[in-house]
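Peer 1: The structure is given below, and queries will be raised subsequently.
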Amino acid sequence: MKVDLSVRLGSLQLKNPVLTASGTFGYGTEYGELLDVAALGGIVIKTITPRPRPGNPSPRIWETSGGMLNTIGLANVGVDAFITDKLPALRKIRTAIVVNIAGSTVEEYWEVVEKLDNEKGFDAYEINVSCPNVKDEGMAFGTNPKVTEKIVRGVRERTQRPIIPKLTPNVTSLSEIARACEAAGADALSMINTLVGMSIDVQSRQPRISTVTGGYSGPSIKPVALAKVFEAHKAVSIPLIGIGGISSAADALEFIIAGASAVQVGTATFIDPRTSLYIISGLEEYCENHDLSRISDLVGSIQLD
Amino acid sequence: MTQEKGSIHRIDRFRSSLFSLQIELPAIAETAVPGQFVHMKVEGVQHAILRRPLSIAGVNGNIIRLIVRIVGSGTERLAEYKVGQTSDFIGPLGSGFDIGDVETAYLIGGGIGDAPLLFLQDESKNRGIKTHLFVGSLSHDEFPLEDEEVKERGLVNCTDDGSFGFHGFVTAAFEEQMKRGVKGNTRAYTCGPVPMMKEAARLCKEYGIPLQVSLENRMGCGVGVCQGCATKLKDTGERGGFQLVCVDGPVFNAEEIDWSLF
C-alpha cells in the first residue's frame, strides 16, 4: 500500500508532515552534507529580523536533564543579507521553505515582509511572536492577544503567502492567543516555542547562561507541548504544527493524534541530524501497519472514551 | 563532514581520570587534519542528550585517537566503553591549524589541550618541520599523556608541583626555550586553559612568533547551525565580533583575539 504522507496547511502543500524547526537548521544548507534536505517536508529558516543581530554574549547554551537551555538572541544576518546571500541557495532546495520572521516593534515585523515578499525562493512565513517587545517593557509580543493580532493582521495585509504565527507557551491562555491569530487571518499555527527556563552553577552561584533565563527545549518539554496542541486543536479550526521535544516517529504521532497536521523537529536534529528522515519513514511504516492510506486521516484522531 | 558509526578499537585508561580512545572511523580519518574535532554521541548517559565535541589527537590509518578527561556524566560513561562497542560520530569538524612552510614549530599545551597538538606534531614531523612540544599539568597524576609516550615524543613535560619533569608552568618552560634564541621561520600553536594561552600569546608577541590558538566553548550542533558556541573575539564590525568556535574555529590566529574579553 502506498501511503499518502502529504499534508495541507491552508494553501501550503507539504510532501510530508515533518519540518525542521527554526534556529535548529540554520539557513537550510549547513546540514546538506549529512542528509538529503529535499526529503524533508519543509525547512523553517532561522529567524530573520530587519537588521543584522550579533546575538547574546556567551555562554549561550547549557544542557539540562533531557533538554537544553539557549539564549542565542536571534543572531541573524538581517533581511537584506538574507535576500542576497542565503535565498539563492534556498531556491535550489526542492522542498517547502518557510521563513521565520521577527522584530523588536510591531512595525519591524511588517518591514521584513515588505522587503522579502517580492522575492522568489520561499513558500510561507512563520511569525515568531515570542521575542521581547521593546516598547512593552520587554514582554513577549505573543503574550498579548491584541498585539499578536495586530502583528498577524499587518503581515496578512502585506502578503498572499501562507502565514503561520509561532506561539509561546509562556501565557495564561494559549487558546485566546490562538483565536486572535485565527481572527487576524493566520493560515496555521506553530506551537510551541521554547519554555522559559534557567539553571544555576551552585559553586559560583552564577547562572549557567548569560541572560540568566533562556529558552528551554528538548525531549523533556514534550508533554507540555502536546497539552498545548491538544488545547489549541479544540480552540481553533486552522491547522496546527506541533513542536516541542519531538525525537521519534512515536513522538510525532502523539502530536498528530492530538491535533497537529504537521510537526517540527528542533533540538533532536543536534543529537542526530537525520532524525527528521527517521521520523518520516516511521510515520509511513505506522500508516502501513494501521491500514491508513493517508496520514492526514490521523490528525486529531485521539480516542477519549 | 560525514556521519558514521565508529567501533572502539582500543581504550586505555591512564592516571586517575584520563583515558585514550582509538576508534575505527575510516571516512573521518581519511580527511581529518590537525585542529579538527569529532562530535560524538555518547550512548547511555541518563538525561544527557547533546553530543560531545572531542579534539582529534591523532590519525593512524582508519583509526582516530581521542584523549579524554573525565569531567562529567558524559565522559564518565565514555570511560566505561568496551572494545567493539559502537557510537555515532560527525566529523571531521572545524578549521584545522595552518601548518605552512616553516622550519620550526612550537606547540604549547595545557591539560588535555595537548590532544590536537599531538596530531599537529605528527603532521609537522611528516612535513620535515622541527617541533618543540611543551605540555603542562598540575601534577604527574593529571599529566595528559602516558610516561612512555612522553619519552617517545621527546616533549617537555611540565608540572605546577614539580612531580613530573619541569617544575613550573608550561609557558615558563616555553619562555626558557625562547631565551635560548629563535632562529628562522617559525610558528607557534597553543591549546589549553585561557590563562596559559594568554601568557603564550604574550610571549609569542614578544618574540615575534605568529601564534594560532585553539579555543573551546559549549556546543550544540557542531556545524554552525545553533550558534551556541559563539565567542566574542576582536570586534571587526561583523557579527559584533562573535565567531563560532565550531565552524569559524576552533583554530584562530592570536591577532583575532581580545584576551580582555575572556
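Convention: chains lettered A, B, ... in C-alpha cells order; per-chain residue numbering from 1; ligands numbered from 1 as shown.
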Excluding Gly215 of chain A and any residue of its chain fewer than 3 positions from it, enumerate the residues within 7 Å of it, using only C-alpha atoms, and give them as a list in words.
Peer 2: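 Counting only the stated atoms, we get Leu69, Asn70, Thr71, Thr194, Leu195, Val196 and Gly197 of chain A.
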Peer 1: Would you export the selected residues with N, CA and C atoms as a JSON list (two decimals), in the first residue's frame, please?
Peer 2:
```json
[["chain", "number", "residue", "atom", "x", "y", "z"],
["A", 69, "LEU", "N", 19.03, 24.59, 27.49],
["A", 69, "LEU", "CA", 18.65, 26.00, 27.56],
["A", 69, "LEU", "C", 19.44, 26.74, 26.51],
["A", 70, "ASN", "N", 18.81, 27.73, 25.86],
["A", 70, "ASN", "CA", 19.59, 28.55, 24.95],
["A", 70, "ASN", "C", 19.22, 30.00, 25.09],
["A", 71, "THR", "N", 20.22, 30.83, 24.82],
["A", 71, "THR", "CA", 19.98, 32.27, 24.73],
["A", 71, "THR", "C", 20.83, 32.80, 23.57],
["A", 194, "THR", "N", 10.00, 27.79, 22.74],
["A", 194, "THR", "CA", 10.62, 27.27, 23.98],
["A", 194, "THR", "C", 9.92, 27.79, 25.23],
["A", 195, "LEU", "N", 10.05, 27.01, 26.29],
["A", 195, "LEU", "CA", 9.59, 27.45, 27.61],
["A", 195, "LEU", "C", 10.68, 28.33, 28.21],
["A", 196, "VAL", "N", 10.30, 29.19, 29.14],
["A", 196, "VAL", "CA", 11.33, 29.97, 29.84],
["A", 196, "VAL", "C", 11.95, 29.07, 30.92],
["A", 197, "GLY", "N", 13.28, 29.00, 30.92],
["A", 197, "GLY", "CA", 13.95, 28.15, 31.90],
["A", 197, "GLY", "C", 15.24, 28.77, 32.39]]
```
Peer 1: If we count only C-alpha atoms, which residues of chain A reach to within 6 Å of chain B? Please list them as a ChimeraX atom specification.
Peer 2: /A:24-26,54,60-61,65-66,270-271
Peer 1: Using only N, CA and C atoms, please write the residues we just selected to a file, as a compact mmCIF listing (two decimals), in the first residue's frame.
Peer 2:
```
# COMPACT_ATOMS: atom_id res chain seq x y z
N THR A 24 17.26 25.63 14.35
CA THR A 24 17.94 24.34 14.50
C THR A 24 18.39 23.78 13.16
N PHE A 25 18.18 24.55 12.10
CA PHE A 25 18.56 24.08 10.77
C PHE A 25 19.17 25.22 9.96
N GLY A 26 19.64 26.26 10.67
CA GLY A 26 20.36 27.37 10.04
C GLY A 26 19.61 27.98 8.88
N PRO A 54 23.84 40.56 16.22
CA PRO A 54 25.01 39.75 16.61
C PRO A 54 24.65 38.64 17.59
N ARG A 60 25.92 30.73 25.82
CA ARG A 60 24.60 30.76 25.20
C ARG A 60 23.80 29.48 25.38
N ILE A 61 24.47 28.40 25.70
CA ILE A 61 23.70 27.15 25.86
C ILE A 61 24.13 26.40 27.11
N SER A 65 18.69 18.29 32.19
CA SER A 65 18.23 16.91 32.23
C SER A 65 17.19 16.68 31.12
N GLY A 66 17.58 15.99 30.09
CA GLY A 66 16.65 15.71 28.99
C GLY A 66 16.31 16.91 28.14
N PHE A 270 20.12 18.29 16.55
CA PHE A 270 21.50 18.43 17.06
C PHE A 270 22.03 17.07 17.51
N ILE A 271 21.12 16.26 18.06
CA ILE A 271 21.53 14.95 18.58
C ILE A 271 21.82 14.02 17.40
```
Peer 1: Looking at A:Arg94, A:Arg53, A:Arg158, A:Arg8, which one is nearest to Ile241 of chain A, with distances taken over only C-alpha atoms?
Peer 2: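 Closest to Ile241 of chain A, using only C-alpha atoms: A:Arg8.
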Peer 1: Which polymer residues have any atom within 8 Å of an atom of Val229 of chain A, counting only C-alpha atoms, with same-chain residues fewer than 4 positions away left out, as JSON, numbers by chain?
Peer 2: {"A": [191, 192, 225, 233, 240, 242, 255, 258, 259, 260]}
Peer 1: Next, write the just-selected residues to a file, as a compact mmCIF listing (two decimals), in the first residue's frame, keeping C-alpha atoms as the atom set.
Peer 2:
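Wrote it out as selection_25.txt, contents follow:
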```txt
# COMPACT_ATOMS: atom_id res chain seq x y z
CA MET A 191 3.30 25.57 18.66
CA ILE A 192 5.17 25.70 20.89
CA ALA A 225 3.86 20.95 24.10
CA HIS A 233 -6.98 21.99 18.47
CA LEU A 240 -1.54 23.23 13.73
CA GLY A 242 3.28 20.59 16.68
CA PHE A 255 1.21 15.28 18.21
CA ALA A 258 -3.61 15.22 19.48
CA GLY A 259 -4.48 17.50 16.55
CA ALA A 260 -1.32 18.62 14.73
```
Peer 1: How many Å lie between atom CA of Asn157 of chain B and atom CA of Leu133 of chain B, rounded to one decimal?
Peer 2: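 These atoms are spaced 8.6 Å apart.
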Peer 1: Find the distance between atom CA of Ile101 of chain A and atom CA of Ala21 of chain A and write it in Å to one decimal.
Peer 2: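 Pair atom CA of Ile101 of chain A / atom CA of Ala21 of chain A returns 12.9 Å.
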Peer 1: Considering only C-alpha atoms, return as a ChimeraX atom specification whatever protein or nucleic-acid residues lie within 10 Å of Asp98 of chain B, sequence-local ones (same chain, fewer than 4 positions apart) excluded.
Peer 2: /B:33-35,120,187,189,212,251-253
Peer 1: Smallest atom-to-atom distance to Ser87 of chain B: which of B:Lys183, B:Lys5, B:His167, B:Arg65, using only C-alpha atoms?
Peer 2: B:Lys5
Peer 1: Would you mind telling me which residue in B:Gln22, B:Met196, B:Val59, B:Thr186 lies nearest to Thr104 of chain B when using only C-alpha atoms?
Peer 2: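 Of all the options, B:Thr186 lies closest to Thr104 of chain B.
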